[in-house]
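Peer 1: Next up, structure_11.cif (mmCIF, C-alpha atoms).
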```
data_final
loop_
_atom_site.label_atom_id
_atom_site.label_comp_id
_atom_site.auth_asym_id
_atom_site.auth_seq_id
_atom_site.Cartn_x
_atom_site.Cartn_y
_atom_site.Cartn_z
CA MET L 12 0.00 0.00 0.00
CA SER L 13 1.42 3.37 -0.96
CA ARG L 14 2.05 6.00 1.69
CA ARG L 15 -0.55 8.38 0.29
CA TRP L 16 -3.32 6.13 1.57
CA ILE L 17 -2.17 6.49 5.16
CA PRO L 18 -3.89 9.87 5.79
CA VAL L 19 -7.09 8.51 4.24
CA LEU L 20 -6.92 5.47 6.49
CA VAL L 21 -6.29 7.67 9.55
CA LEU L 22 -9.28 9.84 8.68
CA LEU L 23 -11.50 6.79 8.24
CA LEU L 24 -10.35 5.43 11.58
CA LEU L 25 -11.03 8.78 13.24
CA PHE L 26 -14.57 8.69 11.88
CA PHE L 27 -15.47 5.11 12.65
CA VAL L 28 -13.45 3.95 15.65
CA PRO L 29 -14.54 6.40 18.40
CA GLY L 30 -17.69 5.47 20.22
CA VAL L 31 -20.18 7.85 21.80
CA ALA L 32 -19.19 8.43 25.42
CA HIS L 33 -22.72 9.07 26.69
CA ALA L 34 -21.05 11.19 29.30
CA CYS L 35 -23.09 14.36 28.98
CA PRO L 36 -26.07 14.16 31.33
CA VAL L 37 -27.97 16.74 29.27
CA CYS L 38 -27.40 15.41 25.74
CA PHE L 39 -28.24 11.85 26.78
CA ASP L 40 -30.92 12.51 29.32
CA PRO L 41 -33.66 9.90 28.87
CA ARG L 42 -36.31 12.49 29.67
CA ASP L 43 -37.79 13.96 26.50
CA GLN L 44 -38.47 17.41 27.95
CA SER L 45 -34.85 17.87 28.99
CA ASN L 46 -33.57 16.75 25.58
CA GLY L 47 -36.05 18.94 23.76
CA THR L 48 -35.10 22.00 25.79
CA PHE L 49 -31.42 21.29 25.22
CA LEU L 50 -31.91 21.05 21.46
CA ALA L 51 -34.12 24.15 21.41
CA SER L 52 -31.59 26.17 23.38
CA THR L 53 -28.77 24.95 21.13
CA ALA L 54 -30.71 26.04 18.05
CA PHE L 55 -31.58 29.35 19.71
CA LEU L 56 -28.01 30.12 20.73
CA SER L 57 -26.76 29.18 17.24
CA LEU L 58 -29.29 31.22 15.29
CA PHE L 59 -29.66 34.21 17.61
CA PRO L 60 -26.28 35.83 16.82
CA LEU L 61 -26.78 35.19 13.11
CA GLY L 62 -30.19 36.85 13.33
CA MET L 63 -28.77 39.85 15.18
CA LEU L 64 -25.88 40.32 12.76
CA GLY L 65 -28.19 39.79 9.77
CA SER L 66 -30.64 42.38 11.09
CA ALA L 67 -27.83 44.85 11.72
CA GLY L 68 -26.47 44.25 8.21
CA LEU L 69 -29.87 44.84 6.61
CA TRP L 70 -30.43 47.98 8.68
CA LEU L 71 -27.00 49.37 7.72
CA ARG L 72 -27.70 48.62 4.04
CA LYS L 73 -31.02 50.45 4.33
CA ARG L 74 -29.30 53.44 5.97
CA LEU L 75 -26.64 53.44 3.24
CA ARG L 76 -29.28 53.50 0.50
CA GLU L 77 -31.17 56.30 2.24
CA THR L 78 -28.00 58.34 2.64
CA ASP L 79 -27.04 57.76 -1.01
CA ALA L 80 -30.49 58.87 -2.13
CA GLU L 81 -30.22 62.03 0.01
CA GLU L 82 -26.79 62.81 -1.44
CA ARG L 83 -28.06 62.33 -4.99
CA ASP L 84 -30.97 64.69 -4.26
CA GLU L 85 -28.57 67.32 -2.91
CA ASP L 86 -26.21 66.96 -5.88
CA SER L 87 -28.87 67.15 -8.57
CA PRO L 88 -29.50 70.72 -9.80
CA ALA L 89 -32.67 72.26 -8.42
CA GLU L 90 -35.47 72.39 -10.93
CA GLU L 91 -36.54 75.86 -11.99
CA MET X 8 0.94 59.89 -15.14
CA SER X 9 -1.86 57.93 -13.56
CA ALA X 10 -5.48 58.42 -14.51
CA GLU X 11 -6.26 59.62 -11.02
CA SER X 12 -3.71 62.41 -11.04
CA ALA X 13 -4.93 63.50 -14.48
CA VAL X 14 -8.29 64.56 -13.01
CA LEU X 15 -8.05 68.23 -12.28
CA THR X 16 -10.58 70.96 -11.61
CA MET X 17 -11.11 73.97 -13.87
CA ASP X 18 -8.49 76.03 -12.06
CA GLY X 19 -5.95 73.23 -12.33
CA SER X 20 -6.03 72.05 -8.74
CA ARG X 21 -6.73 68.50 -7.71
CA PRO X 22 -10.31 68.03 -6.46
CA GLU X 23 -10.90 67.31 -2.82
CA PRO X 24 -11.77 63.66 -2.27
CA ARG X 25 -15.46 63.39 -1.59
CA ARG X 26 -16.29 62.47 2.00
CA ARG X 27 -19.10 60.00 2.43
CA THR X 28 -21.85 61.02 4.79
CA GLN X 29 -21.65 58.92 7.95
CA ILE X 30 -24.60 56.54 7.87
CA VAL X 31 -24.60 55.74 11.62
CA ALA X 32 -22.95 57.64 14.45
CA ASN X 33 -19.90 55.86 15.89
CA GLY X 34 -21.39 55.86 19.37
CA VAL X 35 -24.65 54.31 18.19
CA LEU X 36 -22.84 51.60 16.23
CA GLY X 37 -20.55 50.88 19.18
CA MET X 38 -23.51 50.63 21.54
CA ILE X 39 -25.34 48.31 19.13
CA MET X 40 -22.29 46.03 19.09
CA PHE X 41 -22.11 46.15 22.88
CA THR X 42 -25.80 45.28 23.23
CA PHE X 43 -25.26 42.34 20.85
CA THR X 44 -22.65 40.88 23.19
CA GLU X 45 -24.87 41.53 26.18
CA ALA X 46 -27.83 39.94 24.41
CA MET X 47 -25.72 36.80 23.98
CA LEU X 48 -24.86 36.91 27.69
CA PHE X 49 -28.54 36.96 28.62
CA ALA X 50 -29.38 34.36 25.95
CA GLY X 51 -26.78 32.01 27.49
CA MET X 52 -28.07 32.53 31.02
CA ILE X 53 -31.71 32.09 30.01
CA SER X 54 -30.86 28.94 28.03
CA ALA X 55 -29.00 27.47 31.01
CA HIS X 56 -31.98 28.32 33.21
CA ALA X 57 -34.37 26.65 30.74
CA ILE X 58 -32.29 23.45 30.69
CA VAL X 59 -32.04 23.25 34.49
CA ARG X 60 -35.76 23.96 34.71
CA ALA X 61 -36.50 21.18 32.18
CA ARG X 62 -34.27 18.71 34.05
CA SER X 63 -36.38 19.28 37.12
CA ALA X 64 -39.49 18.07 35.25
CA GLY X 65 -41.57 15.96 37.57
CA GLN X 66 -39.98 17.59 40.58
CA MET X 67 -41.16 20.72 42.34
CA TRP X 68 -40.23 24.05 40.77
CA PRO X 69 -39.57 26.21 42.71
CA PRO X 70 -37.95 23.54 44.91
CA PHE X 71 -39.56 22.60 48.18
CA GLY X 72 -39.12 25.27 50.86
CA GLN X 73 -38.25 28.02 48.40
CA PRO X 74 -40.50 31.08 48.16
CA ARG X 75 -42.58 31.85 45.07
CA LEU X 76 -41.56 34.87 43.02
CA PRO X 77 -43.95 37.86 43.23
CA ILE X 78 -45.45 37.61 39.75
CA GLU X 79 -48.16 40.28 40.06
CA GLN X 80 -45.97 42.96 41.62
CA THR X 81 -43.27 42.33 39.02
CA ALA X 82 -45.86 42.58 36.24
CA PHE X 83 -46.61 46.09 37.51
CA ASN X 84 -42.90 46.86 37.62
CA THR X 85 -42.52 45.50 34.08
CA ALA X 86 -45.24 47.89 32.93
CA ALA X 87 -43.34 50.78 34.55
CA LEU X 88 -40.19 49.80 32.65
CA LEU X 89 -42.05 49.54 29.36
CA VAL X 90 -43.64 52.98 29.90
CA SER X 91 -40.13 54.28 30.57
CA GLY X 92 -39.11 52.97 27.13
CA VAL X 93 -42.12 54.72 25.57
CA ALA X 94 -41.13 57.96 27.35
CA LEU X 95 -37.68 57.69 25.77
CA VAL X 96 -39.25 57.23 22.32
CA LEU X 97 -41.25 60.43 22.97
CA ALA X 98 -38.03 62.15 24.08
CA HIS X 99 -36.43 61.08 20.79
CA PHE X 100 -39.17 62.68 18.69
CA ALA X 101 -39.33 65.75 20.92
CA TYR X 102 -35.55 66.21 20.48
CA ARG X 103 -35.95 66.15 16.71
CA LYS X 104 -38.52 68.97 16.91
CA ARG X 105 -36.78 71.10 19.51
CA ALA X 106 -34.02 69.74 21.72
CA ARG X 107 -35.19 71.20 25.02
CA GLN X 108 -38.65 69.71 24.60
CA ALA X 109 -37.06 66.33 25.27
CA LEU X 110 -36.19 67.27 28.86
CA GLY X 111 -39.61 66.26 30.24
CA PRO X 112 -39.96 62.83 28.59
CA LEU X 113 -36.30 62.05 29.33
CA ALA X 114 -36.84 62.88 33.02
CA ILE X 115 -39.91 60.61 33.07
CA ALA X 116 -37.86 57.80 31.52
CA VAL X 117 -35.18 58.26 34.22
CA LEU X 118 -37.70 58.35 37.08
CA LEU X 119 -39.53 55.25 35.87
CA GLY X 120 -36.21 53.47 35.43
CA LEU X 121 -35.25 54.40 38.99
CA PHE X 122 -38.65 53.20 40.20
CA PHE X 123 -38.04 49.86 38.47
CA VAL X 124 -34.62 49.37 40.09
CA VAL X 125 -35.80 50.42 43.58
CA PHE X 126 -38.86 48.15 43.29
CA GLN X 127 -36.57 45.28 42.32
CA GLY X 128 -34.40 46.04 45.36
CA VAL X 129 -37.43 45.91 47.66
CA GLU X 130 -38.47 42.62 46.05
CA TRP X 131 -34.97 41.18 46.58
CA ALA X 132 -34.97 42.19 50.23
CA ALA X 133 -38.32 40.43 50.76
CA LEU X 134 -37.11 37.28 48.97
CA LEU X 135 -33.89 37.20 51.00
CA ASP X 136 -35.99 37.44 54.17
CA GLU X 137 -38.03 34.48 52.95
CA GLY X 138 -34.88 32.39 52.47
CA LEU X 139 -34.21 32.67 48.73
CA THR X 140 -30.47 33.24 48.41
CA LEU X 141 -27.78 32.58 45.81
CA GLN X 142 -26.81 29.38 47.62
CA SER X 143 -30.25 28.16 48.66
CA SER X 144 -30.90 26.34 45.34
CA ALA X 145 -30.32 26.47 41.58
CA TYR X 146 -33.63 28.32 41.48
CA GLY X 147 -32.28 31.08 43.72
CA GLY X 148 -28.92 31.08 41.99
CA PHE X 149 -30.44 31.62 38.55
CA PHE X 150 -32.88 34.20 39.84
CA TYR X 151 -30.19 36.41 41.37
CA LEU X 152 -27.76 35.85 38.52
CA ILE X 153 -30.15 36.75 35.69
CA VAL X 154 -32.19 39.44 37.43
CA GLY X 155 -29.03 40.85 39.06
CA ALA X 156 -27.24 41.08 35.72
CA HIS X 157 -30.23 42.92 34.32
CA ALA X 158 -30.36 45.26 37.33
CA LEU X 159 -26.67 46.05 36.81
CA HIS X 160 -27.36 46.98 33.20
CA ALA X 161 -30.41 49.01 34.26
CA VAL X 162 -28.35 51.03 36.77
CA ALA X 163 -25.62 51.68 34.18
CA ALA X 164 -28.19 52.73 31.59
CA ILE X 165 -29.96 55.03 34.09
CA LEU X 166 -26.63 56.73 34.83
CA CYS X 167 -26.22 57.26 31.07
CA LEU X 168 -29.75 58.70 30.87
CA VAL X 169 -29.03 61.07 33.78
CA TRP X 170 -25.81 62.15 32.05
CA ALA X 171 -27.78 62.78 28.85
CA TRP X 172 -30.41 64.77 30.75
CA PHE X 173 -27.79 67.10 32.26
CA ARG X 174 -26.11 67.60 28.90
CA LEU X 175 -29.47 68.30 27.33
CA ARG X 176 -30.24 70.90 30.02
CA ARG X 177 -26.91 72.58 29.28
CA GLY X 178 -27.75 72.45 25.58
CA SER X 179 -24.74 70.31 24.70
CA LEU X 180 -26.34 66.94 23.97
CA SER X 181 -25.87 65.86 20.37
CA ALA X 182 -28.31 63.65 18.48
CA ALA X 183 -25.63 60.94 18.30
CA GLN X 184 -25.17 60.99 22.09
CA LEU X 185 -28.91 60.75 22.66
CA GLY X 186 -29.09 57.90 20.13
CA THR X 187 -26.30 56.01 21.90
CA VAL X 188 -28.00 56.27 25.28
CA GLU X 189 -31.32 55.34 23.70
CA VAL X 190 -29.93 52.08 22.28
CA PHE X 191 -28.67 51.11 25.76
CA TRP X 192 -31.97 51.86 27.47
CA TYR X 193 -34.06 50.14 24.77
CA PHE X 194 -31.93 47.05 25.27
CA VAL X 195 -32.56 47.11 29.04
CA VAL X 196 -36.29 47.63 28.46
CA LEU X 197 -36.71 44.99 25.76
CA VAL X 198 -34.70 42.21 27.39
CA TRP X 199 -36.74 42.44 30.61
CA PRO X 200 -40.06 40.98 29.32
CA LEU X 201 -38.12 37.93 28.11
CA ILE X 202 -36.53 37.53 31.56
CA TYR X 203 -39.92 37.98 33.22
CA LEU X 204 -41.42 35.34 30.95
CA LYS X 205 -38.66 32.78 31.47
CA VAL X 206 -37.73 33.35 35.12
CA TYR X 207 -40.99 34.45 36.74
CA LEU X 208 -43.66 32.80 34.62
CA SER X 209 -42.06 29.52 33.48
#
```
Kindly present the structure from the file in structure tokens form.
Peer 2:
Amino acid sequence: MSRRWIPVLVLLLLFFVPGVAHACPVCFDPRDQSNGTFLASTAFLSLFPLGMLGSAGLWLRKRLRETDAEERDEDSPAEE
Amino acid sequence: MSAESAVLTMDGSRPEPRRRTQIVANGVLGMIMFTFTEAMLFAGMISAHAIVRARSAGQMWPPFGQPRLPIEQTAFNTAALLVSGVALVLAHFAYRKRARQALGPLAIAVLLGLFFVVFQGVEWAALLDEGLTLQSSAYGGFFYLIVGAHALHAVAAILCLVWAWFRLRRGSLSAAQLGTVEVFWYFVVLVWPLIYLKVYLS
């Protein structure tokens, strides 16, 4: 076997050999409500910053367009 | 000779580079970024509270021997805080018409904010008397951590509002400064109903 297959083999081993530790009492709680809340809070904490940054980005884009429009109005010669 | 240097005005001088109009004041943008980080702080604490609360499913919540939180009184206090936010919105529009007209609504916002914090202090004193402390249970720990963090922000924001009020009275408050303080106070006002919902009502 050529040496170039070694990294591939290592990667495959890393994917398939480890087992799930079942150590986290929240992730592997048998109670549905606890698991559901954990998943919901994970989704919330993942999406919340994206939502905030996205909202801020959209608001800044809106402000930029408004400012550009105001500047264009000021630059255009006044109609007689 | 580059194309850029070839552009000259009628009198032969190089034109001044055009300055873009600032779309958001630096202070406002900085405060928005700060409130984002603080929003994540509260989101983390509320999520941790929700998970601990869910893990106690089937058990008593609040735990046995721990006092109940005063839901009705805090609802009244929540209303006071929300009215304070409305007063600040009125102050914003009054400032745009004539700066000094904002003094009244801004003072109302400050007083209602102070009322909120003092009312919270009275509530804390009563709960401590009843045996709810940081160490008494996870329930108490989360209550003081989340509500305390909010109270800290409320006090800081009230100090900013008071600073803005004095500057406004002297006639030296800029629109950007008012906007910066507004963002802080709106954050304090808007995060509270979520805390009330998750900590008091859940």
Peer 1: As an exercise, work out the distance from CA of Gln184 (chain X) to CA of Leu168 (chain X) in Å and give it to one decimal place.
Peer 2: 10.2 Å
Peer 1: For this structure, which residues satisfy the selection - the PyMOL selection byres ((chain L) within 7 of (chain X)) - when it is evaluated on the file as given? I want them as a PyMOL selection string.
Peer 2: chain L and resi 44-45+48-49+52+56+74-75+78
Peer 1: Rounded to one decimal, what separation in Å do you get between CA of Ala183 (chain X) and CA of Gly120 (chain X)?
Peer 2: 21.5 Å
Peer 1: Which residues come within 12 Å of Ala133 (chain X), counting all atoms listed in the file, excluding same-chain residues fewer than 6 positions away, as a PyMOL selection string?
Peer 2: chain X and resi 74-77+126-127+139-140
Peer 1: Take the PyMOL selection byres ((chain X and resi 116) around 9), run it mentally on this structure, and tell me the resulting residues as a list in words.
Peer 2: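 Selected by the PyMOL selection byres ((chain X and resi 116) around 9) here: Leu88, Val90, Ser91, Gly92, Val93, Ala94, Leu95, Ala98, Gly111, Pro112, Leu113, Ala114, Ile115, Val117, Leu118, Leu119, Gly120, Leu121, Ile165 and Leu168 of chain X.
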Peer 1: Between CA of Glu82 (chain L) and CA of Gly65 (chain L), what is the distance, to one decimal in Å?
Peer 2: 25.6 Å
Peer 1: Please enumerate the residues selected by the PyMOL selection byres ((chain X and resi 150-152) around 12) when evaluated against the supplied file, formatted as number ranges by chain.
Peer 2: X: 48-49, 51-53, 55-57, 60, 69, 73-76, 127-128, 130-132, 134-135, 139-149, 153-159, 202-203, 205-207
Peer 1: Put the listed atoms of region 39-58 of chain L in a box along x, y and z with 4 Å added on every side and give me the centre and edge lengths in Å to one decimal, as AutoDock Vina command-line options.
Peer 2:
```
--center_x -32.6 --center_y 20.6 --center_z 22.5 --size_x 19.7 --size_y 29.3 --size_z 22.4
```
Peer 1: Got a sec: who's within 9 Å of Thr187 (chain X), counting all atoms listed in the file, leaving out chain neighbours fewer than 5 positions off, as a list in words?
Peer 2: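 Contacts, in chain order: Ala32, Asn33, Gly34, Val35, Leu36, Gly37, Met38, Ile39, Ala182 and Trp192 of chain X.
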